>>> print(open('work_15.txt').read())   # compact mmCIF, C-alpha atoms
# COMPACT_ATOMS: atom_id res chain seq x y z
CA MET A 27 157.80 138.98 151.52
CA ALA A 28 159.48 137.99 154.80
CA TYR A 29 163.24 137.56 154.71
CA GLU A 30 165.13 135.18 156.97
CA LEU A 31 167.97 136.53 159.09
CA HIS A 32 170.69 135.37 156.71
CA ASP A 33 169.02 137.31 153.88
CA SER A 34 169.39 140.69 155.59
CA ALA A 35 172.41 141.74 153.52
CA GLN A 36 170.65 140.77 150.30
CA LEU A 37 167.58 142.75 151.38
CA VAL A 38 169.65 145.88 152.00
CA LEU A 39 171.36 145.47 148.63
CA GLU A 40 168.08 145.04 146.78
CA THR A 41 166.61 148.04 148.57
CA LEU A 42 169.52 150.24 147.52
CA THR A 43 169.67 149.04 143.91
CA TRP A 44 166.01 148.44 143.06
CA ASP A 45 163.95 150.71 145.31
CA LEU A 46 166.08 153.62 146.53
CA ARG A 47 169.25 155.50 145.61
CA ILE A 48 170.30 156.18 149.19
CA ALA A 49 169.08 155.74 152.75
CA THR A 50 170.18 156.62 156.23
CA VAL A 51 171.41 153.84 158.47
CA GLU A 52 168.39 154.49 160.69
CA GLN A 53 166.01 154.11 157.74
CA LEU A 54 167.64 150.84 156.75
CA GLN A 55 167.25 149.61 160.31
CA GLN A 56 163.56 150.50 160.25
CA ILE A 57 163.13 148.68 156.94
CA LEU A 58 164.83 145.58 158.32
CA ASN A 59 162.64 145.76 161.43
CA ALA A 60 159.52 145.92 159.27
CA ARG A 61 160.52 143.14 156.88
CA LEU A 62 162.49 140.63 158.93
CA ARG A 63 160.98 138.16 161.35
CA ARG A 64 163.99 138.64 163.60
CA PRO A 65 165.53 142.07 162.95
CA THR A 66 169.29 142.28 162.75
CA SER A 67 171.65 145.24 163.05
CA ALA A 68 171.71 147.45 159.98
CA ARG A 69 175.13 148.80 160.96
CA SER A 70 176.67 145.33 161.02
CA VAL A 71 175.08 144.51 157.67
CA ILE A 72 176.40 147.74 156.14
CA ARG A 73 179.90 147.07 157.48
CA GLN A 74 179.78 143.64 155.86
CA LEU A 75 178.60 145.10 152.54
CA HIS A 76 181.28 147.80 152.69
CA ARG A 77 184.01 145.18 153.15
CA LYS A 78 182.74 143.36 150.05
CA GLY A 79 182.71 146.57 148.01
CA PHE A 80 178.94 146.64 147.75
CA ALA A 81 178.18 149.78 149.78
CA GLU A 82 179.59 153.18 150.66
CA THR A 83 178.84 155.26 153.73
CA VAL A 84 179.47 158.81 154.84
CA TRP A 85 178.41 161.14 157.64
CA SER A 86 176.67 164.24 156.31
CA VAL A 87 174.62 167.20 157.51
CA VAL A 88 171.21 167.06 155.85
CA ALA A 89 167.86 168.80 156.30
CA LEU A 90 164.97 166.33 156.17
CA PRO A 91 161.36 166.89 157.30
CA GLU A 92 159.50 164.28 159.32
CA ILE A 93 157.38 162.05 157.09
CA THR A 94 154.14 160.80 158.66
CA SER A 95 151.48 160.98 155.92
CA PRO A 96 151.00 162.25 152.36
CA LEU A 97 150.43 165.99 151.94
CA LEU A 98 147.94 165.17 149.20
CA ALA A 99 146.32 162.08 147.74
CA TRP A 100 144.55 162.64 144.42
CA ALA A 101 142.77 160.32 142.00
CA PRO A 102 140.54 160.92 138.99
CA PRO A 103 137.86 162.22 138.76
CA LEU A 104 138.53 164.40 141.83
CA PRO A 105 138.88 168.15 141.20
CA ALA A 106 142.31 169.72 141.02
CA PRO A 107 143.85 170.66 144.36
CA SER A 108 144.79 174.18 145.41
CA PHE A 109 148.31 174.49 144.06
CA GLY A 110 148.90 177.78 145.86
CA SER A 111 148.07 176.22 149.22
CA LEU A 112 150.31 173.24 148.49
CA ALA A 113 153.24 175.43 147.49
CA TRP A 114 152.83 177.46 150.69
CA ILE A 115 152.72 174.30 152.84
CA LEU A 116 155.92 173.06 151.20
CA GLU A 117 157.69 176.38 151.68
CA GLU A 118 156.72 176.44 155.36
CA ARG A 119 157.73 172.81 155.87
CA TRP A 120 161.23 173.34 154.51
CA ALA A 121 161.62 176.62 156.40
CA ARG A 122 161.05 174.76 159.68
CA VAL A 123 163.50 171.93 159.01
CA ARG A 124 166.79 172.01 160.88
CA PRO A 125 169.85 170.23 159.45
CA GLN A 126 171.11 167.19 161.33
CA ARG A 127 174.18 165.02 161.10
CA ILE A 128 173.29 161.53 159.88
CA SER A 129 174.99 158.46 158.45
CA LEU A 130 174.16 157.78 154.81
CA CYS A 131 174.53 154.57 152.81
CA TRP A 132 174.33 153.85 149.10
CA ALA A 133 175.11 150.96 146.78
CA THR A 134 178.12 150.72 144.49
CA ARG A 135 178.09 149.71 140.84
CA ARG A 136 179.40 146.33 141.93
CA ALA A 137 176.27 145.91 144.04
CA ALA A 138 174.07 146.84 141.08
CA LEU A 139 175.77 144.16 138.98
CA HIS A 140 175.19 141.67 141.79
CA THR A 141 171.44 142.37 141.99
CA ALA A 142 170.87 143.38 138.34
CA GLY A 143 169.64 146.70 139.71
CA VAL A 144 170.80 150.30 139.38
CA ALA A 145 173.29 152.39 141.36
CA CYS A 146 173.41 156.03 140.31
CA PHE A 147 173.51 158.03 143.51
CA GLN A 148 174.79 161.59 143.02
CA ARG A 149 176.26 163.47 145.95
CA ARG A 150 174.67 166.85 145.19
CA ALA A 151 173.22 168.38 148.34
CA SER A 152 169.76 169.08 146.91
CA GLN A 153 169.62 165.62 145.33
CA VAL A 154 170.65 163.94 148.60
CA GLU A 155 167.80 165.61 150.48
CA HIS A 156 165.31 164.66 147.79
CA ASP A 157 166.49 161.04 147.61
CA LEU A 158 166.43 160.75 151.41
CA GLY A 159 162.89 162.13 151.42
CA THR A 160 161.89 159.41 148.97
CA ALA A 161 163.59 156.88 151.25
CA ALA A 162 161.60 158.26 154.19
CA VAL A 163 158.35 157.68 152.28
CA TYR A 164 159.41 154.12 151.43
CA THR A 165 160.36 153.46 155.05
CA HIS A 166 157.05 154.83 156.32
CA LEU A 167 155.06 152.68 153.89
CA TRP A 168 156.83 149.54 155.08
CA GLN A 169 156.33 150.46 158.72
CA SER A 170 152.63 151.15 158.14
CA ARG A 171 152.26 147.94 156.08
CA GLY A 172 151.35 149.99 153.03
CA LEU A 173 153.59 147.90 150.77
CA LEU A 174 152.37 144.46 151.77
CA HIS A 175 150.09 144.19 148.76
CA CYS A 176 151.86 146.55 146.35
CA GLU A 177 155.21 146.56 144.58
CA TRP A 178 157.28 149.72 144.89
CA VAL A 179 159.19 150.50 141.69
CA GLY A 180 161.78 153.25 142.10
CA GLU A 181 162.56 156.08 139.68
CA ASP A 182 165.69 154.55 138.15
CA ILE A 183 164.02 151.18 137.52
CA LEU A 184 161.01 152.95 135.99
CA ARG A 185 163.39 154.77 133.66
CA ARG A 186 165.37 151.66 132.75
CA ASP A 187 162.66 148.99 132.50
CA TYR A 188 159.33 150.74 131.91
CA ALA A 189 159.79 154.12 130.20
CA SER A 190 160.30 152.86 126.65
CA SER A 191 156.92 151.07 126.64
CA SER A 192 154.78 153.29 128.90
CA ARG A 193 153.42 156.60 127.65
CA TRP A 194 152.68 157.84 131.15
CA LEU A 195 156.42 157.77 131.91
CA THR A 196 157.24 160.76 129.75
CA LYS A 197 157.54 162.35 133.20
CA ILE A 198 159.07 159.92 135.68
CA PRO A 199 157.97 160.17 139.34
CA ASP A 200 160.05 159.21 142.36
CA ALA A 201 158.27 155.84 142.49
CA ALA A 202 155.17 153.99 141.39
CA LEU A 203 153.15 151.38 143.24
CA PHE A 204 152.02 148.41 141.17
CA SER A 205 149.50 145.67 141.90
CA ASP A 206 148.92 142.75 139.52
CA GLY A 207 151.05 144.52 136.94
CA GLU A 208 148.94 147.70 136.97
CA VAL A 209 149.93 151.10 138.32
CA GLN A 210 147.91 151.88 141.43
CA ARG A 211 149.42 155.31 142.12
CA VAL A 212 152.59 157.30 141.67
CA ILE A 213 154.66 158.78 144.47
CA GLU A 214 156.41 162.15 144.51
CA PHE A 215 158.43 163.57 147.39
CA CYS A 216 158.25 167.35 147.20
CA GLY A 217 160.98 169.84 147.81
CA GLN A 218 160.13 173.53 147.59
CA TYR A 219 158.01 172.97 144.52
CA SER A 220 156.55 176.04 142.83
CA ILE A 221 152.89 176.40 141.89
CA LYS A 222 153.90 175.92 138.25
CA ARG A 223 155.74 172.69 138.97
CA LEU A 224 152.87 171.29 141.04
CA ARG A 225 150.39 172.21 138.31
CA ARG A 226 152.54 170.49 135.64
CA PHE A 227 152.79 167.33 137.73
CA HIS A 228 149.03 167.25 138.28
CA ALA A 229 148.26 167.91 134.61
CA HIS A 230 150.46 164.98 133.59
CA CYS A 231 148.77 162.62 136.05
CA GLN A 232 145.32 163.87 135.10
CA LYS A 233 146.06 163.35 131.40
CA HIS A 234 147.11 159.73 131.99
CA ARG A 235 144.49 159.10 134.70
CA LEU A 236 147.11 158.35 137.33
CA ALA A 237 146.30 158.48 141.01
CA TYR A 238 149.12 160.10 142.95
CA GLN A 239 150.40 161.00 146.38
CA LEU A 240 152.51 164.03 147.17
CA TRP A 241 154.67 163.65 150.28
>>> encode(input="work_15.txt", output="structure tokens")
Amino acid sequence: MAYELHDSAQLVLETLTWDLRIATVEQLQQILNARLRRPTSARSVIRQLHRKGFAETVWSVVALPEITSPLLAWAPPLPAPSFGSLAWILEERWARVRPQRISLCWATRRAALHTAGVACFQRRASQVEHDLGTAAVYTHLWQSRGLLHCEWVGEDILRRDYASSSRWLTKIPDAALFSDGEVQRVIEFCGQYSIKRLRRFHAHCQKHRLAYQLW
């Protein structure tokens, strides 16, 4: 859906209360660029939202790998991947990452009431990196037009609106992509996941015949 210029603030609010828990200012700018016909300044939008009590911002030092493509895309009936190789790739990826100082933005509870969404960002360092990684995947998919024909449903909305009626959500991923009301694939951004954790995630998806991407 294309948003007009005057809808930029609403788009940022919906992104931070329906799709993501947190994003960098740069990510929000990239999302606006991908979704607006005439991109506007994310910083000016965030300042406006902050004045209204809808958003909070902070500078923080965070380690975040570059996101360009999924590490793995699996779908039934493909064979199981090599979990040892995946765990090694993840360990190497995080060992190479260097922390950087970036500006973060998240929605307040007032914003969630405004959009009927969710605002539950937690400022734990490991959680920040994970949530920003999920935001990087979301940003990449908009930039590559991967969300033009799918609906991204974030983890907190899956938990609130889908989990009670969906057996496959006994384990909730970072996001799921829906098309015509059906799950097309689930999305998981990986930290330094162990072989055991990767195997558990795959077994769950295999059991429920869920295609997935690991990023």
>>> closest_residue(input="work_15.txt", among="A:Ile198, A:Ala162, A:Ile183, A:Ile48", to="Ser95 in chain A", atoms="only C-alpha atoms")
A:Ala162
>>> closest_residue(input="work_15.txt", among="A:Val179, A:Val154, A:Leu240, A:Ala99", to="Gly207 in chain A", atoms="all atoms listed in the file")
A:Val179
>>> atom_distance(input="work_15.txt", atom1="CA of Arg119 in chain A", atom2="CA of His156 in chain A")
13.8 Å
>>> residues_around(input="work_15.txt", residues="Asp157 in chain A", least_positions_apart="4", cutoff="12 Å", atoms="all atoms listed in the file", output="ChimeraX atom specification")
/A:42,45-50,88-90,130-132,146-153,161-164,180-182,199-201,214-217
>>> closest_residue(input="work_15.txt", among="A:Thr43, A:Thr94, A:Gln210, A:Gln126", to="Ala237 in chain A", atoms="only C-alpha atoms")
A:Gln210
>>> closest_residue(input="work_15.txt", among="A:Leu173, A:Ala142, A:Ile128, A:Ile221", to="Ala113 in chain A", atoms="all atoms listed in the file")
A:Ile221
>>> closest_atom_pairs(input="work_15.txt", of="range 105-177 of chain A", to="range 77-80 of chain A", cutoff="9 Å", atoms="all atoms listed in the file", output="JSON lines")
{"residue": "A:Trp132", "atom": "CA", "partner": "A:Phe80", "partner_atom": "CA", "distance": 8.7}
{"residue": "A:Ala133", "atom": "CA", "partner": "A:Phe80", "partner_atom": "CA", "distance": 5.9}
{"residue": "A:Thr134", "atom": "CA", "partner": "A:Phe80", "partner_atom": "CA", "distance": 5.3}
{"residue": "A:Arg135", "atom": "CA", "partner": "A:Phe80", "partner_atom": "CA", "distance": 7.6}
{"residue": "A:Arg136", "atom": "CA", "partner": "A:Phe80", "partner_atom": "CA", "distance": 5.8}
{"residue": "A:Ala137", "atom": "CA", "partner": "A:Phe80", "partner_atom": "CA", "distance": 4.6}
{"residue": "A:Ala138", "atom": "CA", "partner": "A:Phe80", "partner_atom": "CA", "distance": 8.3}
{"residue": "A:His140", "atom": "CA", "partner": "A:Phe80", "partner_atom": "CA", "distance": 8.6}
>>> closest_residue(input="work_15.txt", among="A:Val123, A:Val144, A:Ala81, A:Val212", to="Arg185 in chain A", atoms="all atoms listed in the file")
A:Val144
>>> atom_distance(input="work_15.txt", atom1="CA of Arg127 in chain A", atom2="CA of Thr41 in chain A")
22.4 Å
>>> closest_residue(input="work_15.txt", among="A:Val71, A:Cys231, A:Val87, A:Leu98", to="Pro125 in chain A", atoms="only C-alpha atoms")
A:Val87
>>> atom_distance(input="work_15.txt", atom1="CA of Ser67 in chain A", atom2="CA of Leu167 in chain A")
20.4 Å
>>> axis_aligned_box(input="work_15.txt", around="range 57-65 of chain A", padding_each_side="5 Å", output="lines of an AutoDock Vina configuration file")
center_x = 162.5
center_y = 143.4
center_z = 160.2
size_x = 16.0
size_y = 20.5
size_z = 16.7
>>> residues_near_point(input="work_15.txt", point="(158.4, 151.3, 157.4)", cutoff="10 Å", atoms="all atoms listed in the file", output="list in words")
Gln53, Leu54, Gln55, Gln56, Ile57, Leu58, Asn59, Ala60, Arg61, Ala161, Ala162, Val163, Tyr164, Thr165, His166, Leu167, Trp168, Gln169, Ser170, Arg171, Gly172 and Leu173 of chain A
>>> residues_around(input="work_15.txt", residues="Ser70 in chain A", least_positions_apart="2", cutoff="12 Å", atoms="all atoms listed in the file", output="PyMOL selection string")
chain A and resi 34-35+38+51+54-55+65-68+72-77
>>> decode(input="work_15.txt", residues="range 59-93 of chain A", atoms="C-alpha atoms", output="mmCIF file, in the first residue's frame")
data_model
loop_
_atom_site.group_PDB
_atom_site.id
_atom_site.type_symbol
_atom_site.label_atom_id
_atom_site.label_comp_id
_atom_site.auth_asym_id
_atom_site.auth_seq_id
_atom_site.Cartn_x
_atom_site.Cartn_y
_atom_site.Cartn_z
ATOM 1 C CA ASN A 59 11.628 5.582 1.125
ATOM 2 C CA ALA A 60 10.322 2.189 0.051
ATOM 3 C CA ARG A 61 6.676 2.855 0.889
ATOM 4 C CA LEU A 62 6.073 6.539 0.187
ATOM 5 C CA ARG A 63 5.682 8.041 -3.250
ATOM 6 C CA ARG A 64 7.539 11.111 -2.032
ATOM 7 C CA PRO A 65 9.802 10.161 0.886
ATOM 8 C CA THR A 66 9.907 12.493 3.842
ATOM 9 C CA SER A 67 12.424 12.851 6.660
ATOM 10 C CA ALA A 68 12.183 10.121 9.276
ATOM 11 C CA ARG A 69 13.912 12.351 11.825
ATOM 12 C CA SER A 70 11.306 15.082 11.466
ATOM 13 C CA VAL A 71 8.507 12.517 11.737
ATOM 14 C CA ILE A 72 10.055 11.017 14.880
ATOM 15 C CA ARG A 73 10.459 14.466 16.454
ATOM 16 C CA GLN A 74 6.780 15.113 15.790
ATOM 17 C CA LEU A 75 5.777 11.761 17.304
ATOM 18 C CA HIS A 76 7.997 12.372 20.326
ATOM 19 C CA ARG A 77 6.318 15.731 20.986
ATOM 20 C CA LYS A 78 2.923 14.010 20.941
ATOM 21 C CA GLY A 79 4.106 11.316 23.357
ATOM 22 C CA PHE A 80 3.921 8.579 20.752
ATOM 23 C CA ALA A 81 7.617 7.702 20.428
ATOM 24 C CA GLU A 82 10.825 7.528 22.429
ATOM 25 C CA THR A 83 14.367 7.740 21.119
ATOM 26 C CA VAL A 84 17.835 7.096 22.484
ATOM 27 C CA TRP A 85 21.388 6.825 21.192
ATOM 28 C CA SER A 86 22.903 3.425 21.922
ATOM 29 C CA VAL A 87 25.907 1.295 21.025
ATOM 30 C CA VAL A 88 24.678 -1.883 19.350
ATOM 31 C CA ALA A 89 26.247 -4.730 17.378
ATOM 32 C CA LEU A 90 24.199 -5.585 14.288
ATOM 33 C CA PRO A 91 25.284 -7.674 11.268
ATOM 34 C CA GLU A 92 24.516 -6.558 7.736
ATOM 35 C CA ILE A 93 21.343 -8.178 6.422
#
